[in-house]
$ cat protein.cif   # mmCIF, C-alpha atoms and all ligand atoms
data_entry
loop_
_atom_site.group_PDB
_atom_site.id
_atom_site.type_symbol
_atom_site.label_atom_id
_atom_site.label_comp_id
_atom_site.auth_asym_id
_atom_site.auth_seq_id
_atom_site.Cartn_x
_atom_site.Cartn_y
_atom_site.Cartn_z
ATOM 1 C CA MET A 402 -16.121 -2.255 34.493
ATOM 2 C CA PHE A 403 -13.486 -3.236 31.923
ATOM 3 C CA ILE A 404 -13.081 -1.073 28.878
ATOM 4 C CA THR A 405 -11.681 -2.602 25.712
ATOM 5 C CA LYS A 406 -10.135 -0.288 23.158
ATOM 6 C CA ILE A 407 -10.722 -1.306 19.584
ATOM 7 C CA HIS A 408 -8.862 0.185 16.645
ATOM 8 C CA TYR A 409 -10.405 -0.362 13.254
ATOM 9 C CA SER A 410 -8.027 -0.307 10.340
ATOM 10 C CA GLU A 411 -7.958 2.805 8.135
ATOM 11 C CA SER A 412 -8.080 0.512 5.129
ATOM 12 C CA ARG A 413 -11.662 -0.584 5.921
ATOM 13 C CA GLY A 414 -14.042 1.803 4.174
ATOM 14 C CA ASP A 415 -13.256 5.050 2.390
ATOM 15 C CA LYS A 416 -11.832 8.084 4.130
ATOM 16 C CA ALA A 417 -14.421 10.536 5.359
ATOM 17 C CA GLY A 418 -13.080 13.456 7.327
ATOM 18 C CA GLY A 419 -13.366 14.703 10.864
ATOM 19 C CA ALA A 420 -14.278 11.559 12.720
ATOM 20 C CA SER A 421 -12.648 9.376 15.309
ATOM 21 C CA ARG A 422 -11.779 5.798 14.349
ATOM 22 C CA CYS A 423 -10.862 4.656 17.851
ATOM 23 C CA ILE A 424 -13.888 3.391 19.695
ATOM 24 C CA ASN A 425 -14.227 2.540 23.408
ATOM 25 C CA ARG A 426 -16.665 -0.242 24.147
ATOM 26 C CA PRO A 427 -17.587 -1.805 27.542
ATOM 27 C CA MET A 428 -16.729 -5.521 27.712
ATOM 28 C CA THR A 429 -20.295 -6.449 28.735
ATOM 29 C CA THR A 430 -21.656 -4.781 25.605
ATOM 30 C CA MET A 431 -19.166 -6.724 23.494
ATOM 31 C CA ARG A 432 -20.346 -9.980 25.085
ATOM 32 C CA GLY A 433 -23.965 -8.996 24.377
ATOM 33 C CA VAL A 434 -23.065 -8.296 20.767
ATOM 34 C CA ALA A 435 -21.321 -11.683 20.477
ATOM 35 C CA VAL A 436 -24.399 -13.514 21.808
ATOM 36 C CA LYS A 437 -26.740 -11.594 19.493
ATOM 37 C CA TRP A 438 -24.402 -12.260 16.588
ATOM 38 C CA LEU A 439 -24.457 -15.991 17.344
ATOM 39 C CA LEU A 440 -28.262 -15.981 17.484
ATOM 40 C CA PHE A 441 -28.429 -14.009 14.271
ATOM 41 C CA THR A 442 -26.072 -16.467 12.528
ATOM 42 C CA ILE A 443 -28.250 -19.399 13.651
ATOM 43 C CA LEU A 444 -31.330 -17.600 12.333
ATOM 44 C CA LEU A 445 -29.611 -16.956 9.015
ATOM 45 C CA GLY A 446 -28.579 -20.619 8.887
ATOM 46 C CA THR A 447 -32.159 -21.765 9.270
ATOM 47 C CA TRP A 448 -33.215 -19.193 6.686
ATOM 48 C CA SER A 449 -30.651 -20.322 4.117
ATOM 49 C CA LEU A 450 -31.711 -23.939 4.695
ATOM 50 C CA GLY A 451 -35.145 -22.843 3.580
ATOM 51 C CA TRP A 452 -36.747 -23.110 7.016
ATOM 52 C CA GLY A 453 -37.750 -19.459 6.938
ATOM 53 C CA PHE A 454 -37.010 -16.664 9.422
ATOM 54 C CA ASP A 455 -40.191 -15.067 10.583
ATOM 55 C CA GLU A 456 -39.074 -11.801 12.171
ATOM 56 C CA ARG A 457 -41.866 -10.067 14.048
ATOM 57 C CA SER A 458 -42.502 -6.350 13.571
ATOM 58 C CA VAL A 459 -40.664 -4.344 16.236
ATOM 59 C CA ASN A 460 -42.988 -1.389 15.681
ATOM 60 C CA PRO A 461 -46.317 -2.283 14.068
ATOM 61 C CA GLY A 462 -48.001 0.693 12.381
ATOM 62 C CA ILE A 463 -44.924 2.991 12.406
ATOM 63 C CA ASN A 464 -45.295 3.551 8.635
ATOM 64 C CA ARG A 465 -49.076 3.898 8.591
ATOM 65 C CA GLU A 466 -48.764 7.672 8.151
ATOM 66 C CA TYR A 467 -47.299 7.056 4.671
ATOM 67 C CA ASP A 468 -50.204 4.921 3.379
ATOM 68 C CA GLN A 469 -51.383 6.652 0.199
ATOM 69 C CA ALA A 470 -48.757 9.341 0.852
ATOM 70 C CA ASP A 471 -49.065 12.637 -1.004
ATOM 71 C CA PRO A 472 -45.416 13.351 -1.960
ATOM 72 C CA LEU A 473 -46.007 17.111 -2.155
ATOM 73 C CA PHE A 474 -47.350 17.210 1.390
ATOM 74 C CA TRP A 475 -44.333 15.214 2.638
ATOM 75 C CA GLN A 476 -41.948 17.398 0.659
ATOM 76 C CA GLY A 477 -43.193 20.287 2.793
ATOM 77 C CA MET A 478 -42.553 18.218 5.940
ATOM 78 C CA PHE A 479 -39.184 16.650 5.079
ATOM 79 C CA GLU A 480 -37.576 19.490 3.154
ATOM 80 C CA GLN A 481 -37.535 22.314 5.667
ATOM 81 C CA GLU A 482 -34.509 24.118 7.074
ATOM 82 C CA ARG A 483 -35.473 23.541 10.717
ATOM 83 C CA ARG A 484 -34.787 19.852 10.148
ATOM 84 C CA GLU A 485 -31.105 19.322 10.906
ATOM 85 C CA VAL A 486 -30.459 16.726 8.171
ATOM 86 C CA TYR A 487 -32.038 19.050 5.610
ATOM 87 C CA ALA A 488 -30.222 22.175 6.813
ATOM 88 C CA ARG A 489 -26.881 20.284 6.787
ATOM 89 C CA ARG A 490 -27.598 18.225 3.642
ATOM 90 C CA HIS A 491 -24.662 19.582 1.623
ATOM 91 C CA ASP A 492 -22.230 18.948 4.511
ATOM 92 C CA ILE A 493 -23.594 15.423 4.906
ATOM 93 C CA VAL A 494 -23.092 14.699 1.197
ATOM 94 C CA ALA A 495 -19.548 16.119 1.345
ATOM 95 C CA GLU A 496 -18.761 13.842 4.333
ATOM 96 C CA LEU A 497 -19.744 10.731 2.355
ATOM 97 C CA GLY A 498 -16.902 11.081 -0.160
ATOM 98 C CA LEU A 499 -18.887 10.128 -3.265
ATOM 99 C CA LYS A 500 -16.848 9.288 -6.350
ATOM 100 C CA PRO A 501 -17.584 8.827 -10.057
ATOM 101 C CA GLY A 502 -18.795 5.325 -10.821
ATOM 102 C CA MET A 503 -20.132 4.590 -7.330
ATOM 103 C CA GLN A 504 -23.349 2.655 -6.816
ATOM 104 C CA VAL A 505 -25.231 4.350 -3.983
ATOM 105 C CA ALA A 506 -28.568 3.399 -2.400
ATOM 106 C CA ASP A 507 -30.714 5.918 -0.507
ATOM 107 C CA VAL A 508 -32.855 3.510 1.533
ATOM 108 C CA GLY A 509 -36.093 5.016 2.827
ATOM 109 C CA ALA A 510 -35.581 7.810 0.320
ATOM 110 C CA GLY A 511 -38.887 9.558 1.150
ATOM 111 C CA THR A 512 -39.176 12.603 -1.096
ATOM 112 C CA GLY A 513 -35.688 11.929 -2.459
ATOM 113 C CA PHE A 514 -33.789 15.131 -1.752
ATOM 114 C CA PHE A 515 -30.681 13.136 -0.844
ATOM 115 C CA SER A 516 -30.978 10.940 -3.956
ATOM 116 C CA LEU A 517 -31.127 14.089 -6.103
ATOM 117 C CA LEU A 518 -28.064 15.535 -4.345
ATOM 118 C CA PHE A 519 -26.082 12.278 -4.664
ATOM 119 C CA ALA A 520 -26.682 11.937 -8.400
ATOM 120 C CA PRO A 521 -24.081 14.417 -9.742
ATOM 121 C CA GLY A 522 -21.390 13.056 -7.366
ATOM 122 C CA VAL A 523 -21.424 9.526 -8.816
ATOM 123 C CA MET A 524 -21.120 10.628 -12.442
ATOM 124 C CA PRO A 525 -19.854 9.524 -14.818
ATOM 125 C CA GLY A 526 -20.700 5.871 -14.606
ATOM 126 C CA GLY A 527 -22.479 5.646 -11.251
ATOM 127 C CA SER A 528 -26.077 5.127 -10.153
ATOM 128 C CA VAL A 529 -28.275 6.144 -7.260
ATOM 129 C CA TYR A 530 -30.992 3.727 -6.186
ATOM 130 C CA ALA A 531 -33.861 5.608 -4.535
ATOM 131 C CA VAL A 532 -35.468 2.867 -2.428
ATOM 132 C CA ASP A 533 -38.716 3.149 -0.497
ATOM 133 C CA ILE A 534 -41.595 0.892 0.511
ATOM 134 C CA VAL A 535 -44.075 3.600 -0.588
ATOM 135 C CA PRO A 536 -44.709 3.517 -4.352
ATOM 136 C CA ASN A 537 -45.996 7.135 -4.418
ATOM 137 C CA PHE A 538 -42.651 8.350 -3.042
ATOM 138 C CA VAL A 539 -40.622 6.341 -5.550
ATOM 139 C CA ARG A 540 -42.741 7.466 -8.538
ATOM 140 C CA ALA A 541 -42.441 11.113 -7.405
ATOM 141 C CA ILE A 542 -38.633 10.823 -7.079
ATOM 142 C CA GLU A 543 -38.441 9.319 -10.568
ATOM 143 C CA ALA A 544 -40.473 12.269 -11.886
ATOM 144 C CA ARG A 545 -38.216 14.802 -10.121
ATOM 145 C CA ALA A 546 -35.122 13.014 -11.463
ATOM 146 C CA ARG A 547 -36.492 13.006 -15.027
ATOM 147 C CA ALA A 548 -37.361 16.715 -14.782
ATOM 148 C CA ALA A 549 -33.806 17.472 -13.612
ATOM 149 C CA GLY A 550 -32.244 15.263 -16.322
ATOM 150 C CA LEU A 551 -30.736 12.934 -13.678
ATOM 151 C CA HIS A 552 -31.031 9.638 -15.513
ATOM 152 C CA GLN A 553 -28.671 7.864 -13.104
ATOM 153 C CA ILE A 554 -31.441 7.719 -10.449
ATOM 154 C CA ILE A 555 -33.215 4.360 -10.365
ATOM 155 C CA GLY A 556 -36.413 4.032 -8.334
ATOM 156 C CA VAL A 557 -36.952 0.817 -6.344
ATOM 157 C CA VAL A 558 -40.143 -0.041 -4.477
ATOM 158 C CA ASN A 559 -38.955 -2.496 -1.856
ATOM 159 C CA ASP A 560 -40.585 -4.715 0.672
ATOM 160 C CA PRO A 561 -40.433 -3.939 4.433
ATOM 161 C CA LYS A 562 -38.208 -7.007 4.962
ATOM 162 C CA ASP A 563 -35.996 -6.774 1.887
ATOM 163 C CA VAL A 564 -34.140 -3.883 0.285
ATOM 164 C CA LYS A 565 -34.544 -5.508 -3.179
ATOM 165 C CA LEU A 566 -31.168 -4.418 -4.514
ATOM 166 C CA PRO A 567 -28.830 -6.498 -6.690
ATOM 167 C CA LYS A 568 -26.486 -8.815 -4.798
ATOM 168 C CA GLY A 569 -22.941 -7.558 -4.085
ATOM 169 C CA ALA A 570 -23.451 -4.436 -6.205
ATOM 170 C CA ILE A 571 -23.618 -1.436 -3.882
ATOM 171 C CA ASP A 572 -20.729 0.739 -2.582
ATOM 172 C CA LEU A 573 -22.744 2.814 -0.115
ATOM 173 C CA VAL A 574 -26.112 2.316 1.542
ATOM 174 C CA PHE A 575 -27.359 5.552 3.098
ATOM 175 C CA ILE A 576 -30.227 5.549 5.608
ATOM 176 C CA THR A 577 -31.402 8.778 7.132
ATOM 177 C CA ASP A 578 -34.215 9.055 9.694
ATOM 178 C CA THR A 579 -35.427 5.690 8.457
ATOM 179 C CA TYR A 580 -33.726 3.086 10.664
ATOM 180 C CA HIS A 581 -36.327 3.782 13.360
ATOM 181 C CA HIS A 582 -39.014 3.174 10.701
ATOM 182 C CA PHE A 583 -37.755 -0.344 9.923
ATOM 183 C CA GLU A 584 -40.361 -2.765 11.206
ATOM 184 C CA TYR A 585 -38.063 -5.727 10.527
ATOM 185 C CA PRO A 586 -34.550 -4.394 11.204
ATOM 186 C CA TYR A 587 -32.685 -7.725 11.098
ATOM 187 C CA SER A 588 -34.263 -8.786 7.812
ATOM 188 C CA MET A 589 -33.506 -5.367 6.321
ATOM 189 C CA LEU A 590 -29.915 -5.434 7.597
ATOM 190 C CA TYR A 591 -29.367 -8.935 6.228
ATOM 191 C CA SER A 592 -30.646 -7.919 2.792
ATOM 192 C CA ILE A 593 -28.523 -4.738 2.895
ATOM 193 C CA ARG A 594 -25.415 -6.743 3.772
ATOM 194 C CA ARG A 595 -26.149 -9.048 0.845
ATOM 195 C CA ALA A 596 -26.491 -6.053 -1.517
ATOM 196 C CA LEU A 597 -23.203 -4.416 -0.493
ATOM 197 C CA LYS A 598 -19.867 -5.024 -2.167
ATOM 198 C CA PRO A 599 -17.304 -6.616 0.226
ATOM 199 C CA GLN A 600 -15.743 -3.188 0.975
ATOM 200 C CA GLY A 601 -19.111 -1.407 0.904
ATOM 201 C CA ARG A 602 -20.250 1.026 3.596
ATOM 202 C CA LEU A 603 -23.511 1.409 5.484
ATOM 203 C CA VAL A 604 -24.288 4.906 6.802
ATOM 204 C CA ILE A 605 -27.063 5.443 9.329
ATOM 205 C CA ILE A 606 -28.190 8.868 10.508
ATOM 206 C CA ASP A 607 -30.929 8.959 13.108
ATOM 207 C CA TYR A 608 -32.146 10.820 16.180
ATOM 208 C CA LYS A 609 -30.190 10.746 19.419
ATOM 209 C CA LYS A 610 -32.593 9.340 21.994
ATOM 210 C CA ASP A 611 -31.518 10.552 25.380
ATOM 211 C CA PRO A 612 -33.881 10.478 28.394
ATOM 212 C CA ASP A 613 -32.592 13.855 29.635
ATOM 213 C CA HIS A 614 -32.270 15.885 26.433
ATOM 214 C CA SER A 615 -34.457 14.504 23.636
ATOM 215 C CA SER A 616 -37.848 16.022 22.883
ATOM 216 C CA PRO A 617 -41.018 14.189 23.973
ATOM 217 C CA TRP A 618 -41.633 13.427 20.265
ATOM 218 C CA VAL A 619 -38.260 11.659 19.940
ATOM 219 C CA GLN A 620 -38.846 9.768 23.200
ATOM 220 C CA ARG A 621 -42.197 8.523 21.892
ATOM 221 C CA HIS A 622 -41.463 8.015 18.220
ATOM 222 C CA VAL A 623 -37.882 6.709 18.054
ATOM 223 C CA ARG A 624 -37.390 3.089 19.093
ATOM 224 C CA SER A 625 -33.663 2.818 19.824
ATOM 225 C CA SER A 626 -30.842 4.844 21.269
ATOM 226 C CA GLU A 627 -27.566 5.207 19.361
ATOM 227 C CA SER A 628 -25.936 2.405 21.365
ATOM 228 C CA GLN A 629 -28.882 0.071 20.701
ATOM 229 C CA VAL A 630 -28.638 0.803 16.974
ATOM 230 C CA ILE A 631 -24.909 -0.022 17.051
ATOM 231 C CA GLU A 632 -25.613 -3.303 18.867
ATOM 232 C CA GLU A 633 -28.310 -4.299 16.395
ATOM 233 C CA VAL A 634 -26.272 -3.439 13.317
ATOM 234 C CA GLU A 635 -23.132 -5.139 14.630
ATOM 235 C CA SER A 636 -25.091 -8.245 15.540
ATOM 236 C CA ALA A 637 -26.192 -8.393 11.891
ATOM 237 C CA GLY A 638 -22.595 -8.773 10.677
ATOM 238 C CA PHE A 639 -21.267 -5.206 10.500
ATOM 239 C CA VAL A 640 -18.633 -3.311 12.491
ATOM 240 C CA LEU A 641 -18.731 0.356 13.359
ATOM 241 C CA ASN A 642 -15.976 2.062 11.393
ATOM 242 C CA THR A 643 -16.578 5.789 11.901
ATOM 243 C CA ARG A 644 -18.640 8.063 14.125
ATOM 244 C CA HIS A 645 -19.043 11.331 12.226
ATOM 245 C CA SER A 646 -19.362 14.292 14.550
ATOM 246 C CA LEU A 647 -21.107 16.637 12.124
ATOM 247 C CA LEU A 648 -24.610 16.793 13.605
ATOM 248 C CA ASP A 649 -25.979 17.909 16.992
ATOM 249 C CA SER A 650 -29.347 16.243 17.467
ATOM 250 C CA GLN A 651 -28.572 13.190 15.376
ATOM 251 C CA PHE A 652 -25.930 10.502 15.278
ATOM 252 C CA PHE A 653 -24.112 9.756 12.012
ATOM 253 C CA LEU A 654 -22.570 6.299 11.968
ATOM 254 C CA GLU A 655 -20.645 4.442 9.315
ATOM 255 C CA PHE A 656 -20.337 0.652 9.317
ATOM 256 C CA VAL A 657 -18.479 -1.862 7.150
ATOM 257 C CA ILE A 658 -19.076 -5.572 6.765
ATOM 258 C CA ALA A 659 -17.313 -7.592 9.482
ATOM 259 C CA GLN A 660 -14.289 -9.408 8.068
ATOM 260 C CA ASN A 661 -15.575 -12.881 8.960
ATOM 261 C CA GLN A 662 -18.815 -12.138 7.033
ATOM 262 C CA ASN A 663 -17.102 -11.535 3.702
HETATM 263 C C1 LIG B 1 -39.049 9.726 8.174
HETATM 264 S S1 LIG B 1 -39.033 9.220 6.502
HETATM 265 C C2 LIG B 1 -37.378 9.717 6.026
HETATM 266 C C3 LIG B 1 -37.266 9.985 4.549
HETATM 267 C C4 LIG B 1 -35.907 10.507 4.072
HETATM 268 N N1 LIG B 1 -34.860 9.546 4.310
HETATM 269 C C5 LIG B 1 -35.577 11.821 4.741
HETATM 270 O O1 LIG B 1 -34.663 11.856 5.581
HETATM 271 O O2 LIG B 1 -36.255 12.802 4.448
HETATM 272 C C6 LIG B 1 -38.923 7.470 6.592
HETATM 273 C C7 LIG B 1 -39.046 6.790 5.230
HETATM 274 O O3 LIG B 1 -38.699 5.409 5.366
HETATM 275 C C8 LIG B 1 -39.546 4.649 4.539
HETATM 276 N N2 LIG B 1 -39.446 3.242 5.025
HETATM 277 C C9 LIG B 1 -39.932 2.696 6.154
HETATM 278 N N3 LIG B 1 -39.557 1.403 6.252
HETATM 279 C C10 LIG B 1 -38.802 1.131 5.167
HETATM 280 C C11 LIG B 1 -38.126 -0.034 4.701
HETATM 281 N N4 LIG B 1 -38.151 -1.181 5.364
HETATM 282 N N5 LIG B 1 -37.443 0.058 3.528
HETATM 283 C C12 LIG B 1 -37.407 1.230 2.827
HETATM 284 N N6 LIG B 1 -38.065 2.350 3.215
HETATM 285 C C13 LIG B 1 -38.736 2.302 4.375
HETATM 286 C C14 LIG B 1 -40.886 5.340 4.682
HETATM 287 O O4 LIG B 1 -41.766 5.009 3.647
HETATM 288 C C15 LIG B 1 -40.437 6.810 4.639
HETATM 289 O O5 LIG B 1 -40.347 7.292 3.322
#
$ encode --input "protein.cif" --output "structure tokens"
Amino acid sequence: MFITKIHYSESRGDKAGGASRCINRPMTTMRGVAVKWLLFTILLGTWSLGWGFDERSVNPGINREYDQADPLFWQGMFEQERREVYARRHDIVAELGLKPGMQVADVGAGTGFFSLLFAPGVMPGGSVYAVDIVPNFVRAIEARARAAGLHQIIGVVNDPKDVKLPKGAIDLVFITDTYHHFEYPYSMLYSIRRALKPQGRLVIIDYKKDPDHSSPWVQRHVRSSESQVIEEVESAGFVLNTRHSLLDSQFFLEFVIAQNQN
């Protein structure tokens, strides 16, 4: 099998330490990505012509557990040290290279612990959008932000197919343990791409799904492996820029908008 070696320019996306920028990709995968990209572009064309793009749910019912969510109950579930993204939260934030004035979106914010941690790093002048499809989560994050005096946090209740952020306004979209909860990944990715600034970054952290090493829960609950996530995101007009090697049980990927999509 042929291996193509792709070097992505250092100038695309901000510097975030400790990760390789030289990515090996099998040729067949690249061809698959090209075909998916073509299909995606046709779908977007029909959408922009007003013909609609009726993406089917890839995982009906995945978010049912959050119907009428009690944020305090979920705080106990999401904010515990045995969860790797929680235990390493400060390292993850440091890796993102936040700067004053940045516009950051925490998509699928849940109980909002990342939104609360991001807020000081974008000041002065920045904002953190805490985005979730569950109104109870968003209202609870707003209350936590108010109590902590973090007025730069803006709650957004979005729709499962649309991130509902202003067009071309966001420097960094951050998605942790939520990509596998997207029922309509292509619609979400399209709306995220639309919300990003031309040099904006999309970070996705999610579980490694490996038939030999992942837990039965991950095998059952998580839809895609890391390579499938990369294929899907690239076919929606992004390119993988950085693989951060910080976490053990999770992948930490950073994408930028593909040049021909700007
Ligand atoms: C497993 S929780 C992760 C929460 C948080 N990111 C964390 O790591 O603790 C998944 C979250 O994604 C939200 N979610 C699911 N689909 C979404 C979508 N299309 N847009 C925004 N949020 C979504 C759910 O409501 C839930 O809060």
$ resolve_selection --input "protein.cif" --expression "the PyMOL selection byres (((chain A and resi 462) around 12) and not hetatm)" --output "list of chain:residue names"
A:Ser458, A:Val459, A:Asn460, A:Pro461, A:Ile463, A:Asn464, A:Arg465, A:Glu466, A:Tyr467, A:Asp468, A:Pro561, A:His582, A:Phe583, A:Glu584, A:Tyr585, A:His622
$ atom_distance --input "protein.cif" --atom1 "CA of Ile593 in chain A" --atom2 "CA of Asp560 in chain A"
12.3 Å
$ residues_near_ligand --input "protein.cif" --ligand "ligand LIG 1 (chain B)" --cutoff "7 Å" --atoms "only C-alpha atoms and all ligand atoms" --output "short mmCIF file (atom, residue, chain, number, x, y, z; two decimals) with C-alpha atoms, in the coordinates of the input"
data_model
loop_
_atom_site.label_atom_id
_atom_site.label_comp_id
_atom_site.auth_asym_id
_atom_site.auth_seq_id
_atom_site.Cartn_x
_atom_site.Cartn_y
_atom_site.Cartn_z
CA ASN A 464 -45.30 3.55 8.64
CA TYR A 467 -47.30 7.06 4.67
CA PHE A 479 -39.18 16.65 5.08
CA GLU A 480 -37.58 19.49 3.15
CA VAL A 486 -30.46 16.73 8.17
CA VAL A 508 -32.85 3.51 1.53
CA GLY A 509 -36.09 5.02 2.83
CA ALA A 510 -35.58 7.81 0.32
CA GLY A 511 -38.89 9.56 1.15
CA THR A 512 -39.18 12.60 -1.10
CA GLY A 513 -35.69 11.93 -2.46
CA VAL A 532 -35.47 2.87 -2.43
CA ASP A 533 -38.72 3.15 -0.50
CA ILE A 534 -41.60 0.89 0.51
CA VAL A 535 -44.08 3.60 -0.59
CA PHE A 538 -42.65 8.35 -3.04
CA ASN A 559 -38.96 -2.50 -1.86
CA ASP A 560 -40.58 -4.72 0.67
CA PRO A 561 -40.43 -3.94 4.43
CA LYS A 562 -38.21 -7.01 4.96
CA ASP A 563 -36.00 -6.77 1.89
CA VAL A 564 -34.14 -3.88 0.28
CA ILE A 576 -30.23 5.55 5.61
CA THR A 577 -31.40 8.78 7.13
CA ASP A 578 -34.22 9.06 9.69
CA THR A 579 -35.43 5.69 8.46
CA HIS A 582 -39.01 3.17 10.70
CA PHE A 583 -37.76 -0.34 9.92
CA GLU A 584 -40.36 -2.76 11.21
CA TYR A 585 -38.06 -5.73 10.53
CA MET A 589 -33.51 -5.37 6.32
#
$ residues_around --input "protein.cif" --residues "His581 in chain A" --least-positions-apart "4" --cutoff "8 Å" --atoms "only C-alpha atoms" --output "compact mmCIF listing (two decimals) with C-alpha atoms, keeping the file's coordinate frame"
# COMPACT_ATOMS: atom_id res chain seq x y z
CA ASP A 607 -30.93 8.96 13.11
CA VAL A 623 -37.88 6.71 18.05
CA ARG A 624 -37.39 3.09 19.09
CA SER A 625 -33.66 2.82 19.82
$ residues_near_point --input "protein.cif" --point "(-30.5, 1.2, 13.6)" --cutoff "8 Å" --atoms "only C-alpha atoms" --output "ChimeraX atom specification"
/A:580-581,586,605,607,625,627,629-631,633-634
$ atom_distance --input "protein.cif" --atom1 "CA of Gln504 in chain A" --atom2 "CA of Tyr487 in chain A"
22.3 Å
$ residues_near_point --input "protein.cif" --point "(-43.0, 11.2, -6.3)" --cutoff "10 Å" --atoms "all atoms listed in the file" --output "list in words"
Ala470, Asp471, Pro472, Leu473, Trp475, Gln476, Gly511, Thr512, Gly513, Val535, Pro536, Asn537, Phe538, Val539, Arg540, Ala541, Ile542, Glu543, Ala544, Arg545, Ala546 and Gly556 of chain A
$ atom_distance --input "protein.cif" --atom1 "CA of Ser628 in chain A" --atom2 "CA of Val604 in chain A"
14.9 Å
$ residues_around --input "protein.cif" --residues "Ile555 in chain A" --least-positions-apart "3" --cutoff "8 Å" --atoms "all atoms listed in the file" --output "PyMOL selection string"
chain A and resi 528-531+543+552
$ write_last_selection --input "protein.cif" --atoms "C-alpha atoms" --output "CSV table (one decimal), in the frame of the given file"
chain,number,residue,atom,x,y,z
A,528,SER,CA,-26.1,5.1,-10.2
A,529,VAL,CA,-28.3,6.1,-7.3
A,530,TYR,CA,-31.0,3.7,-6.2
A,531,ALA,CA,-33.9,5.6,-4.5
A,543,GLU,CA,-38.4,9.3,-10.6
A,552,HIS,CA,-31.0,9.6,-15.5
$ closest_residue --input "protein.cif" --among "A:Leu603, A:Val619, A:Ile554, A:Leu499" --to "Phe639 in chain A" --atoms "all atoms listed in the file"
A:Leu603
$ closest_residue --input "protein.cif" --among "A:Ser636, A:Gln662, A:Ser615, A:Gln553" --to "Ala506 in chain A" --atoms "all atoms listed in the file"
A:Gln553
$ closest_residue --input "protein.cif" --among "A:Arg644, A:Tyr587, A:Phe514, A:Phe652" --to "Lys610 in chain A" --atoms "only C-alpha atoms"
A:Phe652
$ axis_aligned_box --input "protein.cif" --around "range 470-485 of chain A" --padding-each-side "3 Å" --output "JSON"
{"center_x": -40.1, "center_y": 16.7, "center_z": 4.4, "size_x": 24.0, "size_y": 20.8, "size_z": 19.1}
$ resolve_selection --input "protein.cif" --expression "the PyMOL selection byres (((chain A and resi 649) around 10) and not hetatm)" --output "list of chain:residue names"
A:Glu485, A:Val486, A:Tyr608, A:Lys609, A:Ser646, A:Leu647, A:Leu648, A:Ser650, A:Gln651, A:Phe652, A:Phe653
$ decode --input "protein.cif" --residues "range 619-636 of chain A" --atoms "C-alpha atoms" --output "CSV table (one decimal), in the first residue's frame"
chain,number,residue,atom,x,y,z
A,619,VAL,CA,-16.6,2.5,24.8
A,620,GLN,CA,-17.2,-0.2,22.2
A,621,ARG,CA,-21.0,0.0,22.7
A,622,HIS,CA,-21.4,3.8,23.3
A,623,VAL,CA,-18.9,5.4,20.9
A,624,ARG,CA,-19.8,5.5,17.3
A,625,SER,CA,-16.5,6.1,15.5
A,626,SER,CA,-12.8,5.4,15.8
A,627,GLU,CA,-10.2,8.2,15.6
A,628,SER,CA,-9.6,7.5,11.9
A,629,GLN,CA,-13.3,7.6,11.1
A,630,VAL,CA,-13.6,10.9,13.0
A,631,ILE,CA,-10.7,12.3,10.9
A,632,GLU,CA,-12.3,11.2,7.7
A,633,GLU,CA,-15.7,12.7,8.6
A,634,VAL,CA,-14.2,16.0,9.7
A,635,GLU,CA,-11.9,16.3,6.7
A,636,SER,CA,-14.8,15.5,4.3
